[in-house]
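Chemist: Just start-v6.pdb, nothing more (PDB, C-alpha atoms):
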ATOM      1  CA  MET A1092     -28.029  57.815  24.050
ATOM      2  CA  SER A1093     -27.800  56.482  27.557
ATOM      3  CA  ILE A1094     -24.744  54.513  28.697
ATOM      4  CA  CYS A1095     -26.934  51.461  29.347
ATOM      5  CA  ARG A1096     -28.445  51.583  25.857
ATOM      6  CA  ARG A1097     -24.992  52.096  24.244
ATOM      7  CA  ALA A1098     -23.566  49.144  26.189
ATOM      8  CA  PHE A1099     -26.512  46.998  25.181
ATOM      9  CA  LEU A1100     -26.086  47.827  21.473
ATOM     10  CA  GLN A1101     -22.322  47.235  21.623
ATOM     11  CA  GLY A1102     -22.887  43.892  23.299
ATOM     12  CA  ALA A1103     -25.491  42.908  20.711
ATOM     13  CA  ALA A1104     -23.168  43.848  17.867
ATOM     14  CA  ALA A1105     -20.365  41.805  19.382
ATOM     15  CA  ALA A1106     -22.705  38.843  19.698
ATOM     16  CA  VAL A1107     -23.658  39.124  16.024
ATOM     17  CA  VAL A1108     -19.992  39.265  14.982
ATOM     18  CA  ALA A1109     -19.214  36.271  17.177
ATOM     19  CA  ALA A1110     -22.123  34.318  15.688
ATOM     20  CA  ILE A1111     -20.994  35.136  12.147
ATOM     21  CA  ASP A1112     -17.419  34.163  13.024
ATOM     22  CA  THR A1113     -18.659  30.861  14.463
ATOM     23  CA  ARG A1114     -20.655  30.108  11.326
ATOM     24  CA  VAL A1115     -17.668  30.921   9.109
ATOM     25  CA  ARG A1116     -15.302  28.775  11.158
ATOM     26  CA  SER A1117     -17.772  25.881  11.296
ATOM     27  CA  ALA A1118     -18.118  26.017   7.520
ATOM     28  CA  GLU A1119     -14.382  25.632   7.060
ATOM     29  CA  PRO A1120     -13.283  22.099   6.207
ATOM     30  CA  PRO A1121     -11.461  20.241   8.967
ATOM     31  CA  PRO A1122      -7.660  20.197   8.603
ATOM     32  CA  ASP A1123      -5.851  17.485   6.697
ATOM     33  CA  HIS A1124      -3.774  14.963   8.604
ATOM     34  CA  THR A1125      -0.209  15.815   7.700
ATOM     35  CA  GLY A1126       1.511  14.265  10.695
ATOM     36  CA  PRO A1127       3.658  11.135  10.958
ATOM     37  CA  VAL A1128       2.664   8.068   8.963
ATOM     38  CA  ILE A1129       3.187   4.362   9.608
ATOM     39  CA  ASP A1130       2.940   2.301   6.446
ATOM     40  CA  THR A1131       1.618  -1.111   7.478
ATOM     41  CA  HIS A1132       2.011  -2.830   4.110
ATOM     42  CA  GLN A1133       5.418  -2.345   2.546
ATOM     43  CA  HIS A1134       6.889  -4.728  -0.018
ATOM     44  CA  VAL A1135      10.459  -4.807  -1.250
ATOM     45  CA  TRP A1136      11.909  -7.606  -3.360
ATOM     46  CA  ASP A1137      15.155  -8.514  -5.057
ATOM     47  CA  LEU A1138      14.545 -10.795  -8.026
ATOM     48  CA  LYS A1139      18.200 -11.844  -8.011
ATOM     49  CA  ARG A1140      17.669 -13.289  -4.552
ATOM     50  CA  PHE A1141      14.034 -14.421  -4.445
ATOM     51  CA  ARG A1142      11.566 -16.072  -6.800
ATOM     52  CA  LEU A1143       8.063 -14.584  -6.855
ATOM     53  CA  PRO A1144       5.942 -16.782  -9.152
ATOM     54  CA  TRP A1145       2.955 -14.428  -9.118
ATOM     55  CA  LEU A1146       5.000 -11.780 -10.908
ATOM     56  CA  ASP A1147       4.857 -13.936 -14.038
ATOM     57  CA  ARG A1148       1.189 -12.933 -14.290
ATOM     58  CA  ALA A1149       1.675  -9.336 -13.173
ATOM     59  CA  GLY A1150       2.125  -6.329 -15.388
ATOM     60  CA  GLU A1151       5.507  -5.299 -16.709
ATOM     61  CA  ARG A1152       5.639  -2.420 -14.232
ATOM     62  CA  LEU A1153       6.016  -4.859 -11.335
ATOM     63  CA  ARG A1154       8.309  -7.412 -12.950
ATOM     64  CA  ARG A1155      11.542  -5.940 -11.628
ATOM     65  CA  SER A1156      13.291  -5.539  -8.284
ATOM     66  CA  TYR A1157      12.085  -2.905  -5.824
ATOM     67  CA  GLY A1158      14.430  -2.058  -2.980
ATOM     68  CA  VAL A1159      14.597   0.273  -0.014
ATOM     69  CA  GLU A1160      16.196   2.977  -2.157
ATOM     70  CA  GLU A1161      13.123   3.132  -4.408
ATOM     71  CA  TYR A1162      10.893   3.052  -1.351
ATOM     72  CA  ALA A1163      12.743   6.033   0.134
ATOM     73  CA  LYS A1164      12.051   7.990  -3.042
ATOM     74  CA  ALA A1165       8.395   6.957  -3.054
ATOM     75  CA  ILE A1166       7.787   8.255   0.484
ATOM     76  CA  GLY A1167       9.713  11.483   0.026
ATOM     77  CA  GLY A1168       8.086  14.369   1.895
ATOM     78  CA  LEU A1169       5.324  12.226   3.438
ATOM     79  CA  LYS A1170       6.674  11.841   6.991
ATOM     80  CA  VAL A1171       6.648   8.042   6.876
ATOM     81  CA  THR A1172       8.424   7.218  10.130
ATOM     82  CA  ARG A1173       7.976   3.435  10.221
ATOM     83  CA  ALA A1174       7.006   0.647   7.830
ATOM     84  CA  VAL A1175       5.768  -2.905   8.297
ATOM     85  CA  TYR A1176       7.217  -5.326   5.771
ATOM     86  CA  VAL A1177       4.700  -7.858   4.460
ATOM     87  CA  GLU A1178       5.778 -11.111   2.850
ATOM     88  CA  VAL A1179       5.898 -11.140  -0.938
ATOM     89  CA  ALA A1180       4.796 -14.729  -1.687
ATOM     90  CA  VAL A1181       8.192 -16.179  -2.495
ATOM     91  CA  VAL A1182       8.372 -19.864  -3.381
ATOM     92  CA  PRO A1183       7.819 -21.960  -0.217
ATOM     93  CA  GLU A1184      11.424 -23.120   0.033
ATOM     94  CA  GLN A1185      12.580 -19.471   0.311
ATOM     95  CA  ARG A1186      10.235 -18.387   3.133
ATOM     96  CA  ALA A1187      12.812 -18.825   5.887
ATOM     97  CA  ALA A1188      15.418 -16.951   3.862
ATOM     98  CA  GLU A1189      12.928 -14.123   3.246
ATOM     99  CA  ALA A1190      12.223 -13.919   6.979
ATOM    100  CA  ASP A1191      15.923 -13.796   7.783
ATOM    101  CA  TYR A1192      16.408 -11.102   5.139
ATOM    102  CA  VAL A1193      13.728  -8.790   6.515
ATOM    103  CA  ILE A1194      14.792  -9.337  10.135
ATOM    104  CA  GLU A1195      18.257  -8.150   9.170
ATOM    105  CA  LEU A1196      16.690  -5.192   7.334
ATOM    106  CA  CYS A1197      14.788  -4.226  10.481
ATOM    107  CA  ARG A1198      17.845  -4.678  12.651
ATOM    108  CA  SER A1199      20.046  -2.583  10.369
ATOM    109  CA  LYS A1200      17.746   0.467  10.546
ATOM    110  CA  ALA A1201      18.790   1.231   6.984
ATOM    111  CA  ALA A1202      15.161   1.907   6.095
ATOM    112  CA  PRO A1203      11.914   2.825   7.884
ATOM    113  CA  THR A1204      11.156  -0.901   8.044
ATOM    114  CA  ALA A1205      10.680  -1.662  11.736
ATOM    115  CA  VAL A1206       8.833  -4.997  11.926
ATOM    116  CA  ALA A1207       7.570  -7.716   9.614
ATOM    117  CA  VAL A1208       4.674  -9.994   8.769
ATOM    118  CA  ILE A1209       6.369 -13.054   7.308
ATOM    119  CA  GLY A1210       5.138 -15.884   5.115
ATOM    120  CA  GLY A1211       4.530 -19.421   6.318
ATOM    121  CA  GLY A1212       2.779 -22.630   5.339
ATOM    122  CA  VAL A1213      -0.169 -22.309   7.710
ATOM    123  CA  GLY A1214      -1.998 -25.614   8.004
ATOM    124  CA  THR A1215       1.002 -27.783   7.128
ATOM    125  CA  ASP A1216       2.965 -30.149   9.367
ATOM    126  CA  ASP A1217       6.045 -27.939   9.052
ATOM    127  CA  PHE A1218       4.449 -24.721  10.257
ATOM    128  CA  GLY A1219       4.713 -25.324  14.013
ATOM    129  CA  PRO A1220       8.490 -25.912  14.098
ATOM    130  CA  TYR A1221       8.999 -23.118  11.560
ATOM    131  CA  ILE A1222       7.119 -20.389  13.424
ATOM    132  CA  ARG A1223       8.572 -21.380  16.804
ATOM    133  CA  GLY A1224      11.913 -20.254  15.441
ATOM    134  CA  PHE A1225      10.573 -16.680  15.289
ATOM    135  CA  LYS A1226       8.338 -16.485  18.348
ATOM    136  CA  ASP A1227      10.913 -14.566  20.401
ATOM    137  CA  SER A1228      11.961 -12.206  17.623
ATOM    138  CA  PRO A1229      11.094  -8.565  18.354
ATOM    139  CA  TYR A1230      10.813  -8.008  14.619
ATOM    140  CA  VAL A1231       8.323 -10.700  13.571
ATOM    141  CA  LYS A1232       4.813  -9.549  14.447
ATOM    142  CA  GLY A1233       2.675 -11.868  12.374
ATOM    143  CA  VAL A1234       2.183 -14.219   9.447
ATOM    144  CA  ARG A1235       0.366 -13.911   6.152
ATOM    145  CA  HIS A1236      -0.945 -16.829   4.157
ATOM    146  CA  GLY A1237      -3.695 -16.856   1.560
ATOM    147  CA  TYR A1238      -6.988 -17.916   3.099
ATOM    148  CA  PRO A1239      -8.066 -21.261   1.571
ATOM    149  CA  ARG A1240     -11.713 -21.879   0.760
ATOM    150  CA  GLY A1241     -13.131 -23.865   3.661
ATOM    151  CA  GLY A1242     -10.410 -22.647   6.020
ATOM    152  CA  PHE A1243     -12.953 -21.943   8.765
ATOM    153  CA  GLU A1244     -13.489 -25.693   9.165
ATOM    154  CA  ASN A1245      -9.976 -26.885   8.290
ATOM    155  CA  ALA A1246      -8.611 -28.305  11.563
ATOM    156  CA  PRO A1247      -4.854 -27.992  10.774
ATOM    157  CA  PHE A1248      -5.376 -24.449   9.499
ATOM    158  CA  ILE A1249      -7.303 -23.450  12.634
ATOM    159  CA  ARG A1250      -4.647 -25.110  14.812
ATOM    160  CA  ASP A1251      -1.870 -23.012  13.318
ATOM    161  CA  VAL A1252      -3.807 -19.751  13.401
ATOM    162  CA  ARG A1253      -4.503 -20.384  17.087
ATOM    163  CA  LEU A1254      -0.788 -21.044  17.596
ATOM    164  CA  LEU A1255      -0.070 -17.550  16.310
ATOM    165  CA  GLY A1256      -2.351 -16.193  19.013
ATOM    166  CA  ASP A1257      -0.464 -18.217  21.624
ATOM    167  CA  PHE A1258       2.753 -16.547  20.464
ATOM    168  CA  GLY A1259       1.240 -13.056  20.430
ATOM    169  CA  MET A1260       1.398 -12.897  16.638
ATOM    170  CA  SER A1261      -1.282 -11.705  14.238
ATOM    171  CA  PHE A1262      -2.632 -13.351  11.094
ATOM    172  CA  ASP A1263      -3.243 -11.421   7.877
ATOM    173  CA  LEU A1264      -6.416 -12.345   6.024
ATOM    174  CA  LEU A1265      -5.768 -12.327   2.282
ATOM    175  CA  MET A1266      -8.586 -13.526   0.026
ATOM    176  CA  GLY A1267     -11.065 -12.668  -2.668
ATOM    177  CA  SER A1268     -14.080 -10.629  -1.633
ATOM    178  CA  ASP A1269     -16.351 -13.660  -2.045
ATOM    179  CA  LEU A1270     -14.678 -15.444   0.894
ATOM    180  CA  LEU A1271     -14.927 -12.693   3.496
ATOM    181  CA  ALA A1272     -18.119 -13.921   5.139
ATOM    182  CA  GLU A1273     -16.722 -17.441   5.327
ATOM    183  CA  ALA A1274     -13.475 -16.201   6.890
ATOM    184  CA  ALA A1275     -15.486 -14.694   9.730
ATOM    185  CA  GLY A1276     -15.948 -18.295  10.862
ATOM    186  CA  LEU A1277     -12.167 -18.683  11.181
ATOM    187  CA  VAL A1278     -12.002 -15.520  13.267
ATOM    188  CA  ARG A1279     -14.671 -16.805  15.619
ATOM    189  CA  ALA A1280     -12.822 -20.124  15.929
ATOM    190  CA  CYS A1281      -9.645 -18.295  16.993
ATOM    191  CA  PRO A1282     -10.754 -15.638  19.494
ATOM    192  CA  ALA A1283      -7.279 -15.275  21.038
ATOM    193  CA  THR A1284      -5.632 -14.441  17.706
ATOM    194  CA  ARG A1285      -5.547 -10.932  16.296
ATOM    195  CA  PHE A1286      -6.467 -10.662  12.624
ATOM    196  CA  VAL A1287      -5.638  -8.058   9.989
ATOM    197  CA  LEU A1288      -7.865  -7.832   6.926
ATOM    198  CA  ASP A1289      -5.689  -6.913   3.971
ATOM    199  CA  HIS A1290      -6.722  -4.379   1.349
ATOM    200  CA  CYS A1291     -10.259  -3.693   2.574
ATOM    201  CA  GLY A1292     -11.172  -7.224   1.520
ATOM    202  CA  ASN A1293     -10.360  -6.499  -2.153
ATOM    203  CA  PRO A1294     -13.427  -4.602  -3.372
ATOM    204  CA  ASP A1295     -13.759  -3.441  -6.977
ATOM    205  CA  VAL A1296     -14.170   0.316  -7.412
ATOM    206  CA  ASN A1297     -16.212  -0.374 -10.538
ATOM    207  CA  TRP A1298     -19.066  -1.623  -8.329
ATOM    208  CA  TRP A1299     -19.979   2.009  -7.680
ATOM    209  CA  PRO A1300     -22.059   4.069  -8.431
ATOM    210  CA  LYS A1301     -24.065   1.355 -10.139
ATOM    211  CA  GLU A1302     -26.873  -0.576  -8.500
ATOM    212  CA  PRO A1303     -25.474  -3.046  -5.959
ATOM    213  CA  SER A1304     -24.344  -6.239  -7.685
ATOM    214  CA  ALA A1305     -24.265  -9.685  -6.111
ATOM    215  CA  ALA A1306     -20.472  -9.353  -5.786
ATOM    216  CA  ARG A1307     -20.731  -6.004  -4.026
ATOM    217  CA  LYS A1308     -23.427  -7.290  -1.669
ATOM    218  CA  ALA A1309     -21.254 -10.303  -0.797
ATOM    219  CA  TRP A1310     -18.336  -7.977  -0.049
ATOM    220  CA  GLU A1311     -20.474  -5.691   2.100
ATOM    221  CA  GLU A1312     -21.875  -8.615   4.055
ATOM    222  CA  GLY A1313     -18.398 -10.089   4.529
ATOM    223  CA  ILE A1314     -16.963  -6.788   5.758
ATOM    224  CA  ALA A1315     -19.837  -6.414   8.216
ATOM    225  CA  ARG A1316     -19.365  -9.958   9.546
ATOM    226  CA  LEU A1317     -15.631  -9.534  10.026
ATOM    227  CA  ALA A1318     -15.996  -6.111  11.601
ATOM    228  CA  ALA A1319     -18.405  -7.568  14.163
ATOM    229  CA  ASN A1320     -15.413  -9.346  15.730
ATOM    230  CA  PRO A1321     -13.293  -7.108  17.982
ATOM    231  CA  ASN A1322     -10.104  -9.065  17.210
ATOM    232  CA  VAL A1323     -10.091  -7.945  13.547
ATOM    233  CA  ILE A1324      -8.639  -4.698  12.200
ATOM    234  CA  CYS A1325      -8.717  -3.485   8.593
ATOM    235  CA  LYS A1326      -5.906  -2.205   6.394
ATOM    236  CA  ILE A1327      -7.146   0.685   4.301
ATOM    237  CA  SER A1328      -5.271  -0.203   1.155
ATOM    238  CA  GLY A1329      -5.520  -2.016  -2.149
ATOM    239  CA  VAL A1330      -8.678  -0.222  -3.273
ATOM    240  CA  ALA A1331      -7.181   1.958  -5.999
ATOM    241  CA  GLU A1332      -5.571  -1.040  -7.698
ATOM    242  CA  SER A1333      -8.925  -2.195  -9.094
ATOM    243  CA  GLY A1334      -9.388   1.106 -10.924
ATOM    244  CA  GLU A1335      -8.055   2.391 -14.224
ATOM    245  CA  ASP A1336      -4.410   3.377 -14.359
ATOM    246  CA  GLY A1337      -4.000   7.119 -13.918
ATOM    247  CA  LYS A1338      -7.733   7.798 -13.511
ATOM    248  CA  VAL A1339      -8.352   6.831  -9.888
ATOM    249  CA  THR A1340      -9.461   9.712  -7.664
ATOM    250  CA  ALA A1341     -10.667  10.211  -4.102
ATOM    251  CA  ASP A1342     -14.231   9.961  -5.383
ATOM    252  CA  THR A1343     -13.377   6.628  -7.021
ATOM    253  CA  VAL A1344     -12.189   4.976  -3.807
ATOM    254  CA  ALA A1345     -14.447   6.766  -1.314
ATOM    255  CA  PRO A1346     -17.422   4.349  -1.328
ATOM    256  CA  ALA A1347     -15.356   1.283  -0.459
ATOM    257  CA  VAL A1348     -13.075   3.113   1.963
ATOM    258  CA  ASN A1349     -15.932   4.772   3.812
ATOM    259  CA  TYR A1350     -17.839   1.497   4.079
ATOM    260  CA  CYS A1351     -14.839  -0.084   5.838
ATOM    261  CA  LEU A1352     -14.220   2.943   8.036
ATOM    262  CA  ASP A1353     -17.859   3.006   9.121
ATOM    263  CA  ARG A1354     -17.936  -0.712   9.953
ATOM    264  CA  PHE A1355     -14.576  -1.044  11.717
ATOM    265  CA  GLY A1356     -14.612   2.343  13.426
ATOM    266  CA  GLU A1357     -11.850   4.785  14.254
ATOM    267  CA  ASP A1358      -9.791   2.425  16.440
ATOM    268  CA  ARG A1359      -9.587  -0.596  14.096
ATOM    269  CA  VAL A1360      -8.393   0.857  10.801
ATOM    270  CA  ILE A1361      -4.776   1.365   9.728
ATOM    271  CA  PHE A1362      -3.187   2.992   6.713
ATOM    272  CA  ALA A1363      -1.273   0.793   4.272
ATOM    273  CA  SER A1364       0.341   1.599   0.933
ATOM    274  CA  ASN A1365       0.689  -1.816  -0.726
ATOM    275  CA  TRP A1366       3.751  -0.328  -2.422
ATOM    276  CA  PRO A1367       4.946  -1.129  -5.053
ATOM    277  CA  VAL A1368       1.826  -3.090  -6.086
ATOM    278  CA  CYS A1369      -0.152   0.151  -5.817
ATOM    279  CA  LEU A1370       1.877   1.421  -8.779
ATOM    280  CA  LYS A1371      -0.483  -0.491 -11.044
ATOM    281  CA  THR A1372      -2.736   2.589 -10.865
ATOM    282  CA  VAL A1373      -1.404   5.160  -8.356
ATOM    283  CA  SER A1374       1.798   6.337  -6.737
ATOM    284  CA  PHE A1375       2.407   6.117  -2.993
ATOM    285  CA  LYS A1376       1.923   9.885  -2.693
ATOM    286  CA  ALA A1377      -1.270   9.889  -4.765
ATOM    287  CA  TRP A1378      -2.789   7.161  -2.562
ATOM    288  CA  VAL A1379      -1.956   9.101   0.601
ATOM    289  CA  GLU A1380      -3.401  12.309  -0.812
ATOM    290  CA  MET A1381      -6.662  10.789  -1.998
ATOM    291  CA  LEU A1382      -7.127   8.917   1.277
ATOM    292  CA  ARG A1383      -6.524  12.121   3.233
ATOM    293  CA  GLU A1384      -9.222  13.772   1.135
ATOM    294  CA  VAL A1385     -11.672  10.942   1.833
ATOM    295  CA  VAL A1386     -11.178  11.043   5.619
ATOM    296  CA  LYS A1387     -10.934  14.829   5.909
ATOM    297  CA  PRO A1388     -14.581  15.258   7.016
ATOM    298  CA  ARG A1389     -13.947  12.851   9.898
ATOM    299  CA  GLY A1390     -11.542  15.255  11.564
ATOM    300  CA  GLU A1391      -7.881  15.488  12.413
ATOM    301  CA  ALA A1392      -8.031  13.068  15.357
ATOM    302  CA  PHE A1393      -9.438  10.368  13.087
ATOM    303  CA  GLY A1394      -6.616  10.985  10.622
ATOM    304  CA  ARG A1395      -4.000  10.597  13.349
ATOM    305  CA  ARG A1396      -5.464   7.248  14.368
ATOM    306  CA  LEU A1397      -5.720   5.971  10.808
ATOM    307  CA  PHE A1398      -2.296   7.060   9.593
ATOM    308  CA  HIS A1399      -0.268   6.475  12.740
ATOM    309  CA  ASP A1400      -1.644   5.818  16.209
ATOM    310  CA  ASN A1401      -3.620   2.609  15.595
ATOM    311  CA  ALA A1402      -0.690   0.960  13.836
ATOM    312  CA  ALA A1403       1.769   2.060  16.528
ATOM    313  CA  LYS A1404      -0.418   0.419  19.142
ATOM    314  CA  PHE A1405      -1.195  -2.765  17.191
ATOM    315  CA  PHE A1406       2.392  -3.502  16.128
ATOM    316  CA  GLY A1407       4.108  -2.045  19.176
ATOM    317  CA  ILE A1408       6.222   0.402  17.202
TER     318      ILE A1408
END
Transcribe the structure of this file into structure tokens.
Modeler:
Amino acid sequence: MSICRRAFLQGAAAAVVAAIDTRVRSAEPPPDHTGPVIDTHQHVWDLKRFRLPWLDRAGERLRRSYGVEEYAKAIGGLKVTRAVYVEVAVVPEQRAAEADYVIELCRSKAAPTAVAVIGGGVGTDDFGPYIRGFKDSPYVKGVRHGYPRGGFENAPFIRDVRLLGDFGMSFDLLMGSDLLAEAAGLVRACPATRFVLDHCGNPDVNWWPKEPSAARKAWEEGIARLAANPNVICKISGVAESGEDGKVTADTVAPAVNYCLDRFGEDRVIFASNWPVCLKTVSFKAWVEMLREVVKPRGEAFGRRLFHDNAAKFFGI
């Protein structure tokens, strides 16, 4: 065999091996995101200190105190480097005390809690003086208040949400899925305010895989309308809680999660645990693992943005 022919055959064989290797590697699933995590929806509460009326209607599992010690156990081994405390709907007269409590928690560095989204009576005469007391705090990044039906045309409500934008604070949108499309009107009325949609807009995992119901269609339309506004980001959380305790899987939550990820895109989605409320159906670790499975096909870079980078940028942590 001539040297030229031997070289040609060796080169051809190498090309075949390389092609096979490429096909094998391309068939491998993309790696999981196992890097640092920022939890953008952490709750802790001390029932000896604060009154949470909604717990009267919650399950027995939630009707007790949850502190930073329990949170530390819940995040064990998950590389949670920072957490964003979110108000826990204390009685109105305790909102200032709750804010002071979490600011001290952030300042103490006794937990991953780095910043907070506090409660406040948005749309009331007292809100302006109240929130001005926190506008220079490096720990208070935003406010959460339940969205009231008709809020998009409620002048005092719009005034206060705009005030948050003036102070560089965000506003968390918390509402039933039927009000999402309406809330898009509030977002458009406050273009200088940054909004965070809590819990993927509260979909029900039982909507899938059935034929689309009116409720599911309303949720999908609302998500699409909110996502059309660049000043809205979405917390990927709260989905598992609508499932059956102990039976929620990645397949269960995937339809709702993927719908939100597709609409908001890779730069406007952030991971959130909703701990300890998530314990209604899943543990903190189980939620992280099933969400990692859902986003795995989107690649490692997407996972980094979802679990860490987007939150670090949005909250400045």
Chemist: Could you tell me how far CA of Leu1288 (chain A) lies from CA of Val1348 (chain A), in Å and to one decimal?
Modeler: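 Separation between CA of Leu1288 (chain A) and CA of Val1348 (chain A): 13.1 Å.
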Chemist: Which polymer residues have any atom within 12 Å of an atom of Pro1229 (chain A), counting all atoms listed in the file, with same-chain residues fewer than 2 positions away left out, as a list in words?
Modeler: Ile1194, Glu1195, Cys1197, Arg1198, Ala1205, Val1206, Ala1207, Val1208, Phe1225, Lys1226, Asp1227, Val1231, Lys1232, Gly1233, Phe1258, Gly1259, Met1260, Phe1406, Gly1407 and Ile1408 of chain A
Chemist: Give me the residues within 12 Å of Ala1190 (chain A) as a VMD selection string, counting all atoms listed in the file and dropping any in the same chain fewer than 6 places off.
Modeler: chain A and resid 1141 1176 to 1181 1183 to 1184 1196 to 1197 1206 to 1211 1221 to 1222 1224 to 1225 1228 1230 to 1235
Chemist: Translate the PyMOL selection byres ((chain A and resi 1129-1133) around 8) into a concrete residue list for this structure, as a list in words.
Modeler: Pro1127, Val1128, His1134, Val1135, Val1171, Thr1172, Arg1173, Ala1174, Val1175, Tyr1176, Val1177, Lys1326, Ile1361, Phe1362, Ala1363, Ser1364, Asn1365, Trp1366, Pro1367, Phe1398, His1399, Ala1402 and Ala1403 of chain A
Chemist: State, in Å with one decimal place, the distance from CA of Lys1200 (chain A) to CA of Leu1370 (chain A).
Modeler: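 So the two atoms, CA of Lys1200 (chain A) and CA of Leu1370 (chain A), lie 25.0 Å apart.
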Chemist: In Å, how far is it from CA of Pro1388 (chain A) to CA of Leu1352 (chain A)?
Modeler: 12.4 Å
Chemist: Dump as a tab-separated table the rows for residues of region 1110-1221 of chain A within 12 Å of region 1241-1252 of chain A: closest atom pair and distance in Å with one decimal, only C-alpha atoms counted, ordered by chain and rising residue number.
Modeler:
residue	atom	partner	partner_atom	distance
A:Gly1211	CA	A:Asp1251	CA	10.1
A:Gly1212	CA	A:Asp1251	CA	9.2
A:Val1213	CA	A:Asp1251	CA	5.9
A:Gly1214	CA	A:Phe1248	CA	3.9
A:Thr1215	CA	A:Pro1247	CA	6.9
A:Asp1216	CA	A:Pro1247	CA	8.2
A:Asp1217	CA	A:Asp1251	CA	10.3
A:Phe1218	CA	A:Asp1251	CA	7.2
A:Gly1219	CA	A:Asp1251	CA	7.0
A:Pro1220	CA	A:Asp1251	CA	10.8
A:Tyr1221	CA	A:Asp1251	CA	11.0
Chemist: Could you tell me which of A:Glu1332, A:Asp1137, A:Asp1358, A:Glu1312 comes closest to Ala1274 (chain A) if we count only C-alpha atoms?
Modeler: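 Once distances to Ala1274 (chain A) are computed over only C-alpha atoms, the minimum belongs to A:Glu1312.
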Chemist: Just the residues within 10 Å of Asp1353 (chain A), please, counting all atoms listed in the file, with nothing from its chain fewer than 4 positions along; format it as a list of chain:residue names.
Modeler: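 The residues satisfying every condition are A:Ala1315, A:Ala1318, A:Val1348, A:Asn1349, A:Glu1357, A:Val1360.
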Chemist: Which neighbours of Arg1253 (chain A) fall inside 9 Å, counting all atoms listed in the file, when residues of the same chain fewer than 5 positions from it are skipped, and could you give them as a list of chain:residue names?
Modeler: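 Non-adjacent residues within range: A:Phe1248, A:Phe1258, A:Ala1280, A:Cys1281, A:Pro1282, A:Ala1283, A:Thr1284.
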Chemist: Counting all atoms listed in the file, I want the residues whose atoms come within 6 Å of (8.0, -16.4, -6.8) in the file frame, returned as a ChimeraX atom specification.
Modeler: /A:1142-1145,1181-1182
Chemist: For the selection you just gave me, I'd like the residues written to a file as an mmCIF file, in the frame of the given file, keeping C-alpha atoms.
Modeler:
data_model
loop_
_atom_site.group_PDB
_atom_site.id
_atom_site.type_symbol
_atom_site.label_atom_id
_atom_site.label_comp_id
_atom_site.auth_asym_id
_atom_site.auth_seq_id
_atom_site.Cartn_x
_atom_site.Cartn_y
_atom_site.Cartn_z
ATOM 1 C CA ARG A 1142 11.566 -16.072 -6.800
ATOM 2 C CA LEU A 1143 8.063 -14.584 -6.855
ATOM 3 C CA PRO A 1144 5.942 -16.782 -9.152
ATOM 4 C CA TRP A 1145 2.955 -14.428 -9.118
ATOM 5 C CA VAL A 1181 8.192 -16.179 -2.495
ATOM 6 C CA VAL A 1182 8.372 -19.864 -3.381
#
Chemist: Using the structure just given, write a file holding N, CA and C atoms for region 1347-1359 of chain A, as a PDB file, in the first residue's frame.
Modeler:
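After the write, part22.pdb holds the following:
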ATOM      1  N   ALA A1347     -45.986  24.582  33.543  1.00  0.00           N
ATOM      2  CA  ALA A1347     -46.107  25.960  34.020  1.00  0.00           C
ATOM      3  C   ALA A1347     -44.757  26.654  34.054  1.00  0.00           C
ATOM      4  N   VAL A1348     -43.743  25.968  34.549  1.00  0.00           N
ATOM      5  CA  VAL A1348     -42.409  26.567  34.632  1.00  0.00           C
ATOM      6  C   VAL A1348     -41.898  26.919  33.248  1.00  0.00           C
ATOM      7  N   ASN A1349     -41.998  25.992  32.321  1.00  0.00           N
ATOM      8  CA  ASN A1349     -41.482  26.253  30.975  1.00  0.00           C
ATOM      9  C   ASN A1349     -42.248  27.367  30.276  1.00  0.00           C
ATOM     10  N   TYR A1350     -43.543  27.469  30.524  1.00  0.00           N
ATOM     11  CA  TYR A1350     -44.309  28.562  29.922  1.00  0.00           C
ATOM     12  C   TYR A1350     -43.750  29.908  30.385  1.00  0.00           C
ATOM     13  N   CYS A1351     -43.470  30.028  31.682  1.00  0.00           N
ATOM     14  CA  CYS A1351     -42.915  31.282  32.213  1.00  0.00           C
ATOM     15  C   CYS A1351     -41.501  31.532  31.693  1.00  0.00           C
ATOM     16  N   LEU A1352     -40.687  30.496  31.663  1.00  0.00           N
ATOM     17  CA  LEU A1352     -39.321  30.659  31.176  1.00  0.00           C
ATOM     18  C   LEU A1352     -39.310  31.102  29.717  1.00  0.00           C
ATOM     19  N   ASP A1353     -40.193  30.521  28.920  1.00  0.00           N
ATOM     20  CA  ASP A1353     -40.253  30.883  27.501  1.00  0.00           C
ATOM     21  C   ASP A1353     -40.715  32.328  27.308  1.00  0.00           C
ATOM     22  N   ARG A1354     -41.659  32.777  28.113  1.00  0.00           N
ATOM     23  CA  ARG A1354     -42.201  34.129  27.935  1.00  0.00           C
ATOM     24  C   ARG A1354     -41.258  35.205  28.481  1.00  0.00           C
ATOM     25  N   PHE A1355     -40.677  34.968  29.649  1.00  0.00           N
ATOM     26  CA  PHE A1355     -39.827  35.995  30.259  1.00  0.00           C
ATOM     27  C   PHE A1355     -38.383  35.941  29.759  1.00  0.00           C
ATOM     28  N   GLY A1356     -37.939  34.798  29.291  1.00  0.00           N
ATOM     29  CA  GLY A1356     -36.593  34.694  28.762  1.00  0.00           C
ATOM     30  C   GLY A1356     -35.535  34.502  29.834  1.00  0.00           C
ATOM     31  N   GLU A1357     -34.316  34.251  29.400  1.00  0.00           N
ATOM     32  CA  GLU A1357     -33.255  33.840  30.312  1.00  0.00           C
ATOM     33  C   GLU A1357     -32.780  34.933  31.259  1.00  0.00           C
ATOM     34  N   ASP A1358     -33.034  36.202  30.939  1.00  0.00           N
ATOM     35  CA  ASP A1358     -32.530  37.294  31.773  1.00  0.00           C
ATOM     36  C   ASP A1358     -33.551  37.843  32.761  1.00  0.00           C
ATOM     37  N   ARG A1359     -34.806  37.355  32.717  1.00  0.00           N
ATOM     38  CA  ARG A1359     -35.840  37.920  33.596  1.00  0.00           C
ATOM     39  C   ARG A1359     -36.569  36.838  34.394  1.00  0.00           C
TER      40      ARG A1359
END
